[in-house]
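Shown next: input_8.cif, given as mmCIF, C-alpha atoms.
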```
data_run
loop_
_atom_site.label_atom_id
_atom_site.label_comp_id
_atom_site.auth_asym_id
_atom_site.auth_seq_id
_atom_site.Cartn_x
_atom_site.Cartn_y
_atom_site.Cartn_z
CA ALA S 1 71.39 -16.14 37.03
CA SER S 2 69.81 -19.24 38.52
CA THR S 3 67.15 -19.91 35.85
CA GLY S 4 68.11 -18.53 32.46
CA GLY S 5 70.53 -19.64 29.79
CA LEU S 6 73.22 -17.42 31.27
CA GLY S 7 72.82 -19.15 34.62
CA GLN S 8 73.16 -22.56 32.97
CA LEU S 9 76.30 -21.50 31.17
CA LEU S 10 77.83 -20.17 34.38
CA GLY S 11 77.11 -23.34 36.31
CA MET S 12 73.79 -22.64 38.04
CA GLY S 13 71.94 -25.28 36.03
CA ALA S 14 73.20 -28.34 34.23
CA GLY S 15 76.12 -26.20 33.07
CA LEU S 16 78.75 -26.78 30.46
CA SER S 17 82.37 -27.79 30.69
CA GLY S 18 84.91 -24.99 30.66
CA THR S 19 82.50 -22.64 32.45
CA GLN S 20 85.04 -19.94 33.21
CA LYS S 21 86.39 -19.96 29.66
CA GLU S 22 82.90 -19.61 28.21
CA ALA S 23 81.99 -16.90 30.72
CA GLN S 24 85.10 -15.00 29.65
CA SER S 25 84.07 -15.29 26.00
CA ILE S 26 80.67 -13.77 26.85
CA ARG S 27 82.38 -10.95 28.76
CA GLU S 28 84.66 -10.21 25.82
CA TYR S 29 81.67 -10.12 23.49
CA LEU S 30 79.69 -7.72 25.69
CA LEU S 31 82.69 -5.39 25.83
CA SER S 32 83.39 -5.52 22.10
CA ALA S 33 82.58 -3.39 19.07
CA ASP S 34 80.18 -6.14 18.03
CA ALA S 35 78.14 -5.45 21.17
CA ILE S 36 77.99 -1.74 20.31
CA ALA S 37 76.75 -2.64 16.83
CA GLU S 38 74.16 -5.02 18.27
CA LEU S 39 72.95 -2.36 20.70
CA LYS S 40 72.36 -0.06 17.74
CA THR S 41 70.12 -2.71 16.11
CA ARG S 42 68.18 -2.66 19.37
CA LYS S 43 67.67 1.09 18.98
CA ILE S 44 70.37 2.03 21.49
CA ASP S 45 72.91 4.37 19.93
CA VAL S 46 75.88 4.30 22.31
CA ALA S 47 77.48 7.45 20.84
CA GLU S 48 74.23 9.38 21.12
CA THR S 49 73.51 8.04 24.61
CA TYR S 50 76.85 9.22 25.94
CA SER S 51 76.80 12.65 24.30
CA PRO S 52 73.44 14.08 25.41
CA PRO S 53 72.81 17.84 25.32
CA GLY S 54 73.76 19.55 28.57
CA ALA S 55 76.02 16.74 29.80
CA ASP S 56 79.23 17.60 31.62
CA ILE S 57 81.76 18.42 28.93
CA PHE S 58 84.51 16.68 30.87
CA SER S 59 82.51 13.43 31.27
CA ARG S 60 80.59 13.16 28.02
CA LEU S 61 81.75 11.40 24.87
CA ARG S 62 83.79 13.75 22.67
CA PRO S 63 83.41 14.25 19.80
CA ASP S 64 79.77 13.30 19.34
CA ARG S 65 80.68 10.87 16.55
CA PRO S 66 84.15 9.59 17.44
CA GLN S 67 86.16 6.94 15.67
CA ALA S 68 85.24 3.34 16.48
CA GLU S 69 88.32 2.84 18.66
CA LYS S 70 87.55 5.95 20.72
CA LEU S 71 83.90 4.94 21.11
CA LEU S 72 84.88 1.43 22.23
CA GLU S 73 87.33 2.80 24.78
CA PHE S 74 84.67 5.13 26.21
CA TYR S 75 82.07 2.33 26.22
CA ARG S 76 84.37 0.02 28.13
CA ASP S 77 84.87 2.71 30.73
CA LYS S 78 81.10 2.88 31.34
CA VAL S 79 80.22 -0.84 31.14
CA ILE S 80 81.58 -3.44 33.53
CA VAL S 81 80.98 -7.18 33.07
CA SER S 82 82.35 -9.40 35.84
CA TYR S 83 82.08 -13.07 36.67
CA SER S 84 82.41 -14.58 40.13
CA PRO S 85 83.42 -18.27 40.15
CA ASP S 86 82.44 -18.46 43.82
CA ASP S 87 78.71 -18.03 43.18
CA ASN S 88 78.67 -18.64 39.41
CA ILE S 89 77.00 -15.30 38.69
CA ALA S 90 77.83 -12.80 35.95
CA ARG S 91 77.21 -9.17 36.82
CA VAL S 92 76.67 -6.27 34.44
CA ALA S 93 77.08 -2.71 35.69
CA VAL S 94 76.38 0.29 33.45
CA THR S 95 77.02 3.97 34.11
CA ALA S 96 75.18 6.58 32.06
CA PHE S 97 73.96 10.18 32.33
CA SER S 98 70.48 9.00 33.32
CA PRO S 99 69.18 5.96 35.22
CA ASN S 100 66.88 5.14 32.34
CA ASP S 101 69.73 5.00 29.81
CA ALA S 102 71.85 2.87 32.14
CA GLN S 103 68.97 0.45 32.69
CA ARG S 104 68.19 0.21 28.96
CA ILE S 105 71.79 -0.63 28.12
CA ALA S 106 72.13 -3.13 30.99
CA THR S 107 68.87 -4.88 30.08
CA ALA S 108 69.91 -5.11 26.44
CA LEU S 109 73.36 -6.45 27.36
CA ILE S 110 71.82 -9.16 29.56
CA ALA S 111 69.55 -10.22 26.69
CA MET S 112 72.51 -10.22 24.31
CA GLY S 113 74.57 -12.30 26.75
CA GLU S 114 71.77 -14.83 27.10
CA ALA S 115 71.48 -15.04 23.31
CA GLN S 116 75.19 -15.82 23.13
CA VAL S 117 74.80 -18.43 25.85
CA ASN S 118 71.91 -20.05 24.02
CA GLY S 119 74.07 -20.21 20.91
CA LEU S 120 76.85 -21.90 22.88
CA ASN S 121 74.36 -24.31 24.43
CA ASP S 122 72.86 -25.15 21.03
CA ARG S 123 76.31 -25.85 19.59
CA ALA S 124 77.21 -27.98 22.61
CA ILE S 125 73.96 -29.95 22.28
CA GLU S 126 74.52 -30.41 18.54
CA ALA S 127 78.08 -31.59 19.16
CA GLY S 128 76.95 -33.97 21.90
CA THR S 129 74.13 -35.31 19.75
CA SER S 130 76.50 -35.79 16.82
CA VAL S 131 78.92 -37.76 18.99
CA ALA S 132 76.07 -39.85 20.42
CA ASN S 133 74.74 -40.57 16.92
CA ASP S 134 78.20 -41.61 15.75
CA GLU S 135 78.57 -43.93 18.75
CA MET S 136 75.10 -45.38 18.12
CA VAL S 137 75.89 -46.05 14.46
CA GLU S 138 79.19 -47.67 15.47
CA ALA S 139 77.42 -49.84 18.05
CA GLU S 140 74.72 -50.85 15.58
CA THR S 141 77.37 -51.76 13.01
CA GLU S 142 79.29 -53.80 15.56
CA LEU S 143 76.10 -55.55 16.66
CA ALA S 144 75.19 -56.37 13.05
CA ASP S 145 78.70 -57.77 12.47
CA ILE S 146 78.46 -59.93 15.58
CA GLN S 147 75.02 -61.19 14.62
CA THR S 148 76.36 -62.08 11.20
CA GLU S 149 79.30 -63.89 12.79
CA LEU S 150 76.97 -65.69 15.20
CA THR S 151 74.81 -66.85 12.30
CA GLY S 152 77.93 -68.01 10.45
CA PHE S 153 79.09 -69.85 13.57
CA ARG S 154 75.78 -71.68 13.81
CA ASP S 155 75.82 -72.53 10.11
CA LEU S 156 79.40 -73.83 10.33
CA THR S 157 78.93 -75.93 13.46
CA GLY S 158 75.32 -76.92 12.88
CA ASP S 159 74.78 -76.03 16.52
CA ILE S 160 71.92 -73.63 17.25
CA ASP S 161 72.59 -73.38 20.98
CA PRO S 162 75.90 -74.83 22.21
CA ALA S 163 75.06 -73.82 25.77
CA ARG S 164 71.95 -75.99 25.85
CA ASN S 165 73.73 -78.82 24.06
CA SER S 166 76.60 -78.60 26.55
CA GLU S 167 74.18 -78.91 29.44
CA GLY S 168 72.63 -81.94 27.75
CA ALA S 169 76.03 -83.54 27.22
CA GLN S 170 77.02 -82.98 30.85
CA LYS S 171 73.76 -84.52 32.00
CA GLN S 172 74.34 -87.50 29.70
CA ILE S 173 77.86 -87.97 31.09
CA ALA S 174 76.52 -87.91 34.64
CA GLU S 175 73.93 -90.53 33.78
CA GLN S 176 76.50 -92.72 32.00
CA GLU S 177 78.93 -92.47 34.91
CA ALA S 178 76.18 -93.49 37.35
CA ALA S 179 75.17 -96.46 35.19
CA LEU S 180 78.81 -97.50 34.73
CA SER S 181 79.39 -97.36 38.49
CA ARG S 182 76.42 -99.68 39.04
CA GLU S 183 77.64 -102.15 36.43
CA ARG S 184 81.20 -102.14 37.85
CA ALA S 185 79.79 -102.79 41.31
CA LEU S 186 77.74 -105.64 39.92
CA LEU S 187 80.77 -107.06 38.12
CA ALA S 188 82.82 -106.91 41.31
CA ASP S 189 80.06 -108.70 43.20
CA MET S 190 79.79 -111.42 40.53
CA ALA S 191 83.56 -111.94 40.62
CA ARG S 192 83.29 -113.15 44.23
CA TYR S 193 81.37 -116.29 43.32
CA LEU S 194 81.85 -116.82 39.56
CA ASP S 195 84.92 -117.90 37.65
CA ARG S 196 86.47 -115.26 35.43
CA SER S 197 85.81 -117.42 32.37
CA ALA S 198 82.17 -117.92 33.20
CA PRO S 199 79.83 -116.78 30.41
CA GLN S 200 78.07 -114.37 32.77
CA MET S 201 81.43 -112.76 33.71
CA VAL S 202 82.52 -112.48 30.07
CA ALA S 203 79.23 -110.84 29.14
CA MET S 204 79.39 -108.46 32.10
CA ARG S 205 82.99 -107.41 31.36
CA SER S 206 82.00 -106.80 27.74
CA ARG S 207 79.05 -104.70 28.89
CA VAL S 208 81.24 -102.63 31.23
CA ALA S 209 83.84 -102.12 28.48
CA GLU S 210 81.14 -100.96 26.06
CA MET S 211 79.79 -98.53 28.62
CA GLU S 212 83.31 -97.19 29.23
CA ARG S 213 83.77 -96.59 25.50
CA ALA S 214 80.41 -94.86 25.30
CA LEU S 215 81.33 -92.63 28.24
CA GLY S 216 84.70 -91.80 26.67
CA ALA S 217 83.00 -90.86 23.38
CA THR S 218 80.57 -88.55 25.17
CA GLU S 219 83.39 -86.90 27.13
CA ALA S 220 85.41 -86.43 23.95
CA LYS S 221 82.43 -84.82 22.30
CA LEU S 222 82.27 -82.34 25.16
CA THR S 223 85.95 -81.53 25.64
CA GLY S 224 88.41 -83.62 23.72
CA THR S 225 88.00 -83.09 19.96
CA PRO S 226 88.66 -80.14 17.65
CA LYS S 227 84.89 -79.64 17.35
CA ALA S 228 84.27 -80.26 21.03
CA LEU S 229 81.24 -78.61 22.60
CA ALA S 230 83.38 -76.87 25.22
CA LYS S 231 85.38 -75.05 22.55
CA ARG S 232 82.27 -74.15 20.57
CA LEU S 233 80.59 -73.04 23.76
CA ALA S 234 83.47 -70.69 24.63
CA ARG S 235 83.30 -69.04 21.20
CA TYR S 236 79.52 -68.92 21.34
CA GLU S 237 79.55 -67.20 24.75
CA GLU S 238 82.13 -64.71 23.48
CA LEU S 239 79.90 -63.80 20.54
CA LYS S 240 76.85 -63.56 22.78
#
```
Please re-express this file's structure in structure tokens.
Amino acid sequence: ASTGGLGQLLGMGAGLSGTQKEAQSIREYLLSADAIAELKTRKIDVAETYSPPGADIFSRLRPDRPQAEKLLEFYRDKVIVSYSPDDNIARVAVTAFSPNDAQRIATALIAMGEAQVNGLNDRAIEAGTSVANDEMVEAETELADIQTELTGFRDLTGDIDPARNSEGAQKQIAEQEAALSRERALLADMARYLDRSAPQMVAMRSRVAEMERALGATEAKLTGTPKALAKRLARYEELK
């Protein structure tokens, strides 16, 4: 039970979901007319096995070739298939008129049960693989759509990498602010000993005003216009 397909089905290995339900389906199969038919293909004739010459007339199968319903009822009285959820083991017990016959039937039933388990496992694997393939195709399609949208975004904005451009703009703003602070400090210092109408003061105020306009334009490019880098960057990061 711990190594074969039956053990996996019943939870000893990787296992499947709905273990008890699947174990019950195996039990029902092994106790069905289909199992009797399968045993016959394995050269085990249940009717013949349970009606041997010299067997106790009160215990043997009667008649020797009963109807299918009678044979199934007798078979179910001699074969027990149980499942314990505590240890995840299925047990098969067979009673017959000889130890050899009981062992042959039990061995065949175990092989039949494992074949059923393998079939369930194969179907579960196929179903899981199918779902995984569907999810992969969906993910690939979504990725292709996003890549197409990202390319369209770059074509529309003319911006290959808004993140890098945003970093450049922020660095430029920092440099402009530092230069403007120096010029303002210089203007304030000049104002202490020069008249406001002095040519040097007029030129310095004009220079400071020009630098302020340049700084404002850079800041607007980053945050304040419909095509601002900040807005493009947000959309770009979302696509990425």
inquiry  = With the PyMOL selection byres ((chain S and resi 89-102) around 9) as the selection, what would be picked from this file? Answer as a PyMOL selection string, please.
reply    = chain S and resi 1-2+6-7+10-12+23+27+44+49-52+55+60+77-88+103-107+109-110
Interface rows for segment 70-176 of chain S against segment 206-218 of chain S: nearest pair, Å to one decimal, 9 Å, only C-alpha atoms, as JSON lines:
```
{"residue": "S:Ala169", "atom": "CA", "partner": "S:Thr218", "partner_atom": "CA", "distance": 7.1}
{"residue": "S:Gln170", "atom": "CA", "partner": "S:Thr218", "partner_atom": "CA", "distance": 8.7}
{"residue": "S:Gln172", "atom": "CA", "partner": "S:Thr218", "partner_atom": "CA", "distance": 7.8}
{"residue": "S:Ile173", "atom": "CA", "partner": "S:Leu215", "partner_atom": "CA", "distance": 6.5}
{"residue": "S:Gln176", "atom": "CA", "partner": "S:Leu215", "partner_atom": "CA", "distance": 6.1}
```
Atoms to include: C-alpha atoms. Write the selected residues as an mmCIF file, in the coordinates of the input.
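Output contents, as saved in result-v9.cif:
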```cif
data_model
loop_
_atom_site.group_PDB
_atom_site.id
_atom_site.type_symbol
_atom_site.label_atom_id
_atom_site.label_comp_id
_atom_site.auth_asym_id
_atom_site.auth_seq_id
_atom_site.Cartn_x
_atom_site.Cartn_y
_atom_site.Cartn_z
ATOM 1 C CA ALA S 169 76.030 -83.540 27.220
ATOM 2 C CA GLN S 170 77.020 -82.980 30.850
ATOM 3 C CA GLN S 172 74.340 -87.500 29.700
ATOM 4 C CA ILE S 173 77.860 -87.970 31.090
ATOM 5 C CA GLN S 176 76.500 -92.720 32.000
#
```
request  = Could you jot down the atom CA of Phe58 of chain S to atom CA of Glu38 of chain S separation for me, Å, one decimal place?
outcome  = 27.1 Å
request  = Would you kindly return, as number ranges by chain, each protein, DNA or RNA residue with an atom no farther than 8 Å from any atom of Leu150 of chain S, considering all atoms listed in the file and excluding same-chain residues fewer than 5 positions away?
outcome  = S: 236, 239-240
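The coordinates place atom CA of Ser59 of chain S at 13.0 Å from atom CA of Ala47 of chain S.
Taking atom CA of Val131 of chain S and atom CA of Gly119 of chain S as the two end points, the separation is 18.3 Å.
Closest approach to Glu28 of chain S among S:Lys70, S:Arg76, S:Arg62, S:Arg184 is made by S:Arg76 (distances from all atoms listed in the file).
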Can you report as lines of an AutoDock Vina configuration file the centre and edge lengths in Å, to one decimal, of an axis-aligned box around the listed atoms of segment 36-43 of chain S padded with 5 Å on each side?
```
center_x = 72.8
center_y = -2.0
center_z = 18.4
size_x = 20.3
size_y = 16.1
size_z = 14.6
```
